[in-house]
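A.B. asks: Got upload13.cif for you, mmCIF, C-alpha atoms, pLDDT in the B column; chains and numbers go by the auth columns:
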```cif
data_data
loop_
_atom_site.group_PDB
_atom_site.id
_atom_site.type_symbol
_atom_site.label_atom_id
_atom_site.label_comp_id
_atom_site.label_asym_id
_atom_site.label_seq_id
_atom_site.Cartn_x
_atom_site.Cartn_y
_atom_site.Cartn_z
_atom_site.B_iso_or_equiv
_atom_site.auth_seq_id
_atom_site.auth_asym_id
ATOM 1 C CA MET A 1 -69.032 -13.330 28.776 62.00 1 R
ATOM 2 C CA PRO A 2 -67.197 -11.685 31.606 70.00 2 R
ATOM 3 C CA ILE A 3 -66.110 -8.077 31.299 74.00 3 R
ATOM 4 C CA LYS A 4 -62.430 -7.355 31.905 71.00 4 R
ATOM 5 C CA THR A 5 -61.993 -5.001 34.786 72.00 5 R
ATOM 6 C CA GLN A 6 -58.176 -5.019 34.860 73.00 6 R
ATOM 7 C CA TYR A 7 -55.910 -3.896 32.104 70.00 7 R
ATOM 8 C CA ASP A 8 -53.025 -6.100 31.048 71.00 8 R
ATOM 9 C CA ASP A 9 -49.544 -4.644 31.441 74.00 9 R
ATOM 10 C CA GLN A 10 -48.408 -2.832 28.360 77.00 10 R
ATOM 11 C CA PRO A 11 -45.507 -4.540 26.569 77.00 11 R
ATOM 12 C CA THR A 12 -42.186 -2.901 27.351 81.00 12 R
ATOM 13 C CA LEU A 13 -39.156 -2.609 25.181 85.00 13 R
ATOM 14 C CA ASN A 14 -35.906 -3.705 26.788 88.00 14 R
ATOM 15 C CA LEU A 15 -33.254 -1.188 25.687 90.00 15 R
ATOM 16 C CA THR A 16 -30.363 -2.704 27.621 92.00 16 R
ATOM 17 C CA PRO A 17 -28.880 -4.761 24.711 92.00 17 R
ATOM 18 C CA MET A 18 -29.141 -1.802 22.340 93.00 18 R
ATOM 19 C CA ILE A 19 -27.401 0.501 24.821 94.00 19 R
ATOM 20 C CA ASP A 20 -24.641 -2.098 25.293 95.00 20 R
ATOM 21 C CA VAL A 21 -24.059 -2.266 21.552 95.00 21 R
ATOM 22 C CA VAL A 22 -23.954 1.521 21.253 95.00 22 R
ATOM 23 C CA PHE A 23 -21.391 1.779 24.059 95.00 23 R
ATOM 24 C CA LEU A 24 -19.257 -0.929 22.449 95.00 24 R
ATOM 25 C CA LEU A 25 -19.339 0.912 19.144 94.00 25 R
ATOM 26 C CA ILE A 26 -18.366 4.164 20.819 92.00 26 R
ATOM 27 C CA ILE A 27 -15.437 2.455 22.562 90.00 27 R
ATOM 28 C CA PHE A 28 -14.361 0.772 19.322 87.00 28 R
ATOM 29 C CA PHE A 29 -14.303 4.029 17.372 84.00 29 R
ATOM 30 C CA MET A 30 -12.515 5.845 20.170 83.00 30 R
ATOM 31 C CA VAL A 31 -9.772 3.236 20.241 77.00 31 R
ATOM 32 C CA ALA A 32 -9.534 2.869 16.461 76.00 32 R
ATOM 33 C CA THR A 33 -9.351 6.601 15.748 73.00 33 R
ATOM 34 C CA LYS A 34 -5.999 8.303 15.571 66.00 34 R
ATOM 35 C CA PHE A 35 -6.131 11.380 17.705 62.00 35 R
ATOM 36 C CA SER A 36 -4.362 14.239 15.992 56.00 36 R
ATOM 37 C CA GLU A 37 -5.069 16.565 18.896 57.00 37 R
ATOM 38 C CA LEU A 38 -1.929 15.340 20.633 56.00 38 R
ATOM 39 C CA GLU A 39 0.213 16.800 17.876 57.00 39 R
ATOM 40 C CA GLN A 40 -1.707 20.060 17.801 59.00 40 R
ATOM 41 C CA ASN A 41 -1.409 20.652 21.545 61.00 41 R
ATOM 42 C CA ILE A 42 2.388 20.447 21.606 62.00 42 R
ATOM 43 C CA GLU A 43 3.788 23.886 22.192 66.00 43 R
ATOM 44 C CA LEU A 44 6.591 23.896 19.684 61.00 44 R
ATOM 45 C CA GLU A 45 7.904 26.633 17.460 65.00 45 R
ATOM 46 C CA VAL A 46 8.878 25.107 14.133 66.00 46 R
ATOM 47 C CA PRO A 47 11.519 26.894 12.064 70.00 47 R
ATOM 48 C CA GLU A 48 10.490 29.055 9.107 73.00 48 R
ATOM 49 C CA VAL A 49 12.067 29.049 5.655 72.00 49 R
ATOM 50 C CA ALA A 50 11.742 31.482 2.774 71.00 50 R
ATOM 51 C CA SER A 51 10.522 28.859 0.297 70.00 51 R
ATOM 52 C CA ALA A 52 9.716 25.225 0.769 63.00 52 R
ATOM 53 C CA GLY A 53 9.677 24.098 -2.841 65.00 53 R
ATOM 54 C CA ALA A 54 6.953 22.006 -4.360 63.00 54 R
ATOM 55 C CA ASN A 55 5.123 19.558 -2.152 60.00 55 R
ATOM 56 C CA ARG A 56 4.933 16.162 -3.755 63.00 56 R
ATOM 57 C CA THR A 57 3.967 12.763 -2.567 64.00 57 R
ATOM 58 C CA PRO A 58 6.511 9.972 -2.776 60.00 58 R
ATOM 59 C CA ALA A 59 6.148 8.107 -6.019 67.00 59 R
ATOM 60 C CA THR A 60 5.137 4.494 -6.006 76.00 60 R
ATOM 61 C CA PRO A 61 7.787 2.252 -7.491 81.00 61 R
ATOM 62 C CA ARG A 62 7.461 1.240 -11.125 83.00 62 R
ATOM 63 C CA THR A 63 7.100 -2.517 -11.571 85.00 63 R
ATOM 64 C CA VAL A 64 8.995 -4.509 -14.174 88.00 64 R
ATOM 65 C CA ALA A 65 7.636 -8.049 -14.562 88.00 65 R
ATOM 66 C CA VAL A 66 9.765 -10.689 -16.280 88.00 66 R
ATOM 67 C CA TYR A 67 7.811 -13.794 -17.285 86.00 67 R
ATOM 68 C CA GLU A 68 8.971 -17.373 -17.776 84.00 68 R
ATOM 69 C CA ASP A 69 9.079 -17.060 -21.573 86.00 69 R
ATOM 70 C CA GLY A 70 11.234 -13.917 -21.254 82.00 70 R
ATOM 71 C CA HIS A 71 8.741 -11.221 -22.192 85.00 71 R
ATOM 72 C CA ILE A 72 8.838 -8.063 -20.107 88.00 72 R
ATOM 73 C CA GLU A 73 6.071 -5.767 -18.890 88.00 73 R
ATOM 74 C CA LEU A 74 6.449 -2.308 -17.375 86.00 74 R
ATOM 75 C CA ASP A 75 3.462 -1.571 -15.133 85.00 75 R
ATOM 76 C CA GLY A 76 1.324 -4.081 -17.035 84.00 76 R
ATOM 77 C CA GLN A 77 2.297 -2.913 -20.547 86.00 77 R
ATOM 78 C CA GLN A 78 4.447 -5.196 -22.646 88.00 78 R
ATOM 79 C CA ALA A 79 7.847 -3.786 -23.621 86.00 79 R
ATOM 80 C CA THR A 80 11.111 -4.867 -25.182 87.00 80 R
ATOM 81 C CA LEU A 81 14.420 -4.191 -23.450 86.00 81 R
ATOM 82 C CA GLN A 82 14.978 -1.091 -25.599 88.00 82 R
ATOM 83 C CA GLU A 83 11.448 0.208 -24.889 88.00 83 R
ATOM 84 C CA LEU A 84 11.948 -0.487 -21.189 86.00 84 R
ATOM 85 C CA ARG A 85 15.188 1.462 -21.207 88.00 85 R
ATOM 86 C CA SER A 86 13.682 4.438 -23.062 89.00 86 R
ATOM 87 C CA ARG A 87 10.466 4.573 -20.963 88.00 87 R
ATOM 88 C CA LEU A 88 12.398 4.437 -17.699 86.00 88 R
ATOM 89 C CA ALA A 89 14.845 7.077 -18.932 88.00 89 R
ATOM 90 C CA ALA A 90 11.903 9.350 -19.796 88.00 90 R
ATOM 91 C CA ASN A 91 10.317 8.728 -16.407 85.00 91 R
ATOM 92 C CA ARG A 92 13.621 9.356 -14.665 84.00 92 R
ATOM 93 C CA ALA A 93 13.943 12.690 -16.449 85.00 93 R
ATOM 94 C CA GLN A 94 10.661 13.716 -14.805 83.00 94 R
ATOM 95 C CA ASP A 95 11.438 12.100 -11.436 80.00 95 R
ATOM 96 C CA PRO A 96 15.129 11.765 -10.500 79.00 96 R
ATOM 97 C CA ASP A 97 14.207 9.606 -7.475 81.00 97 R
ATOM 98 C CA LEU A 98 12.522 6.938 -9.617 83.00 98 R
ATOM 99 C CA ASN A 99 12.200 3.555 -7.883 85.00 99 R
ATOM 100 C CA VAL A 100 11.848 0.301 -9.821 87.00 100 R
ATOM 101 C CA VAL A 101 10.959 -3.157 -8.520 87.00 101 R
ATOM 102 C CA VAL A 102 11.780 -6.141 -10.726 87.00 102 R
ATOM 103 C CA ARG A 103 9.501 -9.152 -10.320 86.00 103 R
ATOM 104 C CA GLY A 104 10.893 -12.195 -12.076 84.00 104 R
ATOM 105 C CA ASP A 105 9.162 -15.535 -12.535 82.00 105 R
ATOM 106 C CA GLY A 106 10.754 -18.295 -10.447 80.00 106 R
ATOM 107 C CA GLN A 107 10.902 -20.615 -13.476 82.00 107 R
ATOM 108 C CA CYS A 108 12.426 -17.935 -15.710 80.00 108 R
ATOM 109 C CA ASP A 109 15.993 -18.126 -16.951 83.00 109 R
ATOM 110 C CA PHE A 110 17.921 -15.644 -14.795 85.00 110 R
ATOM 111 C CA GLN A 111 19.475 -14.088 -17.894 87.00 111 R
ATOM 112 C CA HIS A 112 16.106 -12.466 -18.702 85.00 112 R
ATOM 113 C CA ILE A 113 15.939 -10.932 -15.215 85.00 113 R
ATOM 114 C CA ALA A 114 19.562 -9.789 -15.390 87.00 114 R
ATOM 115 C CA SER A 115 18.912 -8.158 -18.776 87.00 115 R
ATOM 116 C CA ALA A 116 15.888 -6.301 -17.383 87.00 116 R
ATOM 117 C CA MET A 117 17.927 -5.114 -14.395 88.00 117 R
ATOM 118 C CA ALA A 118 20.725 -3.971 -16.727 89.00 118 R
ATOM 119 C CA ALA A 119 18.196 -2.016 -18.814 88.00 119 R
ATOM 120 C CA CYS A 120 16.984 -0.301 -15.630 86.00 120 R
ATOM 121 C CA ARG A 121 20.553 0.625 -14.696 88.00 121 R
ATOM 122 C CA ASP A 122 21.220 1.874 -18.248 88.00 122 R
ATOM 123 C CA ALA A 123 18.165 4.154 -17.873 86.00 123 R
ATOM 124 C CA GLY A 124 19.832 5.686 -14.802 85.00 124 R
ATOM 125 C CA VAL A 125 17.590 4.171 -12.141 84.00 125 R
ATOM 126 C CA ALA A 126 19.434 4.348 -8.823 79.00 126 R
ATOM 127 C CA GLU A 127 16.814 2.674 -6.615 82.00 127 R
ATOM 128 C CA LEU A 128 16.370 -0.830 -7.989 83.00 128 R
ATOM 129 C CA GLY A 129 14.811 -3.677 -6.031 82.00 129 R
ATOM 130 C CA ILE A 130 13.891 -7.255 -6.746 80.00 130 R
ATOM 131 C CA THR A 131 10.932 -9.186 -5.342 78.00 131 R
ATOM 132 C CA VAL A 132 11.534 -12.713 -4.113 68.00 132 R
ATOM 133 C CA ARG A 133 9.759 -15.209 -1.897 68.00 133 R
ATOM 134 C CA VAL A 134 11.670 -16.600 1.040 65.00 134 R
ATOM 135 C CA GLY A 135 10.644 -20.014 2.335 61.00 135 R
ATOM 136 C CA ASP A 136 10.828 -20.617 6.089 60.00 136 R
ATOM 137 C CA SER A 137 11.549 -23.865 7.889 56.00 137 R
ATOM 138 C CA LYS A 138 7.837 -24.816 7.889 60.00 138 R
ATOM 139 C CA GLY A 139 7.594 -24.762 4.108 54.00 139 R
ATOM 140 C CA GLN A 140 5.648 -21.501 4.034 54.00 140 R
ATOM 141 C CA ARG A 141 6.686 -18.691 1.733 53.00 141 R
ATOM 142 C CA ASN A 142 6.881 -15.000 2.510 51.00 142 R
ATOM 143 C CA THR A 143 7.128 -12.310 -0.175 51.00 143 R
ATOM 144 C CA ILE A 144 9.693 -9.565 0.460 51.00 144 R
ATOM 145 C CA ARG A 145 10.902 -6.581 -1.529 51.00 145 R
#
```
How would this structure read if it were set down as structure tokens?

C.D. replies:
Amino acid sequence: MPIKTQYDDQPTLNLTPMIDVVFLLIIFFMVATKFSELEQNIELEVPEVASAGANRTPATPRTVAVYEDGHIELDGQQATLQELRSRLAANRAQDPDLNVVVRGDGQCDFQHIASAMAACRDAGVAELGITVRVGDSKGQRNTIR
């Protein structure tokens, strides 16, 4: 049996694909990240006030769903017209800028939707919207508010 006098080359690890992936990830995160430094570096003196009031986030609109059989739900909880009116009035007392979106079933009698909208108005809701789907010329439907 012959004795090996030369050593085989050691296996090497090719790092080029891994480095490419790392650079692509770095570029992706740099592009996808919103840089807030631009706003911080603007030399601007903002006006000062004595009191700013309470900071609050804008409220999400309450959703009134009117189903085909005429039953009504306020944010997923079943309600009659009178309950809807009283709950929205109580919510409006806490938040004067209360927004309500009415979602009516397409097969529903419009009188049920009109009654729900009237109950919202009776509760004093000023911002009232209705959700519909608009069909385009290709037969596709888009939902708008």

A.B. asks: Restricting the calculation to all atoms listed in the file: of R:Asp8, R:Glu68, R:Glu48, R:Asp20, which residue gets closest to Gly106 (chain R)?

C.D. replies: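 With all atoms listed in the file as the atom set, the closest residue is R:Glu68.
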
A.B. asks: Taking the file as shown, what set of residues would the PyMOL selection byres ((chain R and resi 127) around 7) give back, as number ranges by chain?

C.D. replies: R: 98-100, 125-126, 128-129

A.B. asks: Limited to C-alpha atoms, could you put the picked residues into a file as a JSON list (two decimals), keeping the file's coordinate frame?

C.D. replies:
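Contents of again_9.json, as written:
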```json
[["chain", "number", "residue", "atom", "x", "y", "z"],
["R", 98, "LEU", "CA", 12.52, 6.94, -9.62],
["R", 99, "ASN", "CA", 12.20, 3.56, -7.88],
["R", 100, "VAL", "CA", 11.85, 0.30, -9.82],
["R", 125, "VAL", "CA", 17.59, 4.17, -12.14],
["R", 126, "ALA", "CA", 19.43, 4.35, -8.82],
["R", 128, "LEU", "CA", 16.37, -0.83, -7.99],
["R", 129, "GLY", "CA", 14.81, -3.68, -6.03]]
```

A.B. asks: Rounded to one decimal place, report the CA of Tyr67 (chain R)-CA of Arg92 (chain R) distance in Å.

C.D. replies: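 Distance reported for this atom pair: 24.0 Å.
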
A.B. asks: May I ask for the distance between CA of Cys120 (chain R) and CA of Gly104 (chain R), given in Å to one decimal place?

C.D. replies: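 Separation between CA of Cys120 (chain R) and CA of Gly104 (chain R): 13.8 Å.
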
A.B. asks: Could you expand the PyMOL selection byres ((chain R and resi 112) around 12) into the explicit residues it covers here, written as a list in words?

C.D. replies: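 For this structure, the PyMOL selection byres ((chain R and resi 112) around 12) resolves to Val64, Ala65, Val66, Tyr67, Glu68, Asp69, Gly70, His71, Ile72, Thr80, Leu81, Val102, Arg103, Gly104, Asp105, Gly106, Gln107, Cys108, Asp109, Phe110, Gln111, Ile113, Ala114, Ser115, Ala116, Met117, Ala118 and Ala119 of chain R.
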
A.B. asks: Please determine an axis-aligned box that encloses all atoms of region 99-115 of chain R listed in the file, with 4 Å added on each side, and express its centre and edge lengths in Å to one decimal as lines of an AutoDock Vina configuration file.

C.D. replies:
```
center_x = 14.4
center_y = -8.5
center_z = -13.3
size_x = 18.4
size_y = 32.2
size_z = 18.9
```

A.B. asks: Taking all atoms listed in the file into account, name the residue in R:Leu15, R:Met30, R:Ile130, R:Leu74 that is nearest to Arg62 (chain R).

C.D. replies: R:Leu74

A.B. asks: Just how far from CA of Ala89 (chain R) is CA of Gly124 (chain R), in Å to one decimal?

C.D. replies: 6.6 Å

A.B. asks: R:Asp95, R:Val31, R:Ser86, R:Ile26: which is nearest Ala123 (chain R), counting only C-alpha atoms?

C.D. replies: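 Of R:Asp95, R:Val31, R:Ser86, R:Ile26, the one nearest Ala123 (chain R), counting only C-alpha atoms, is R:Ser86.
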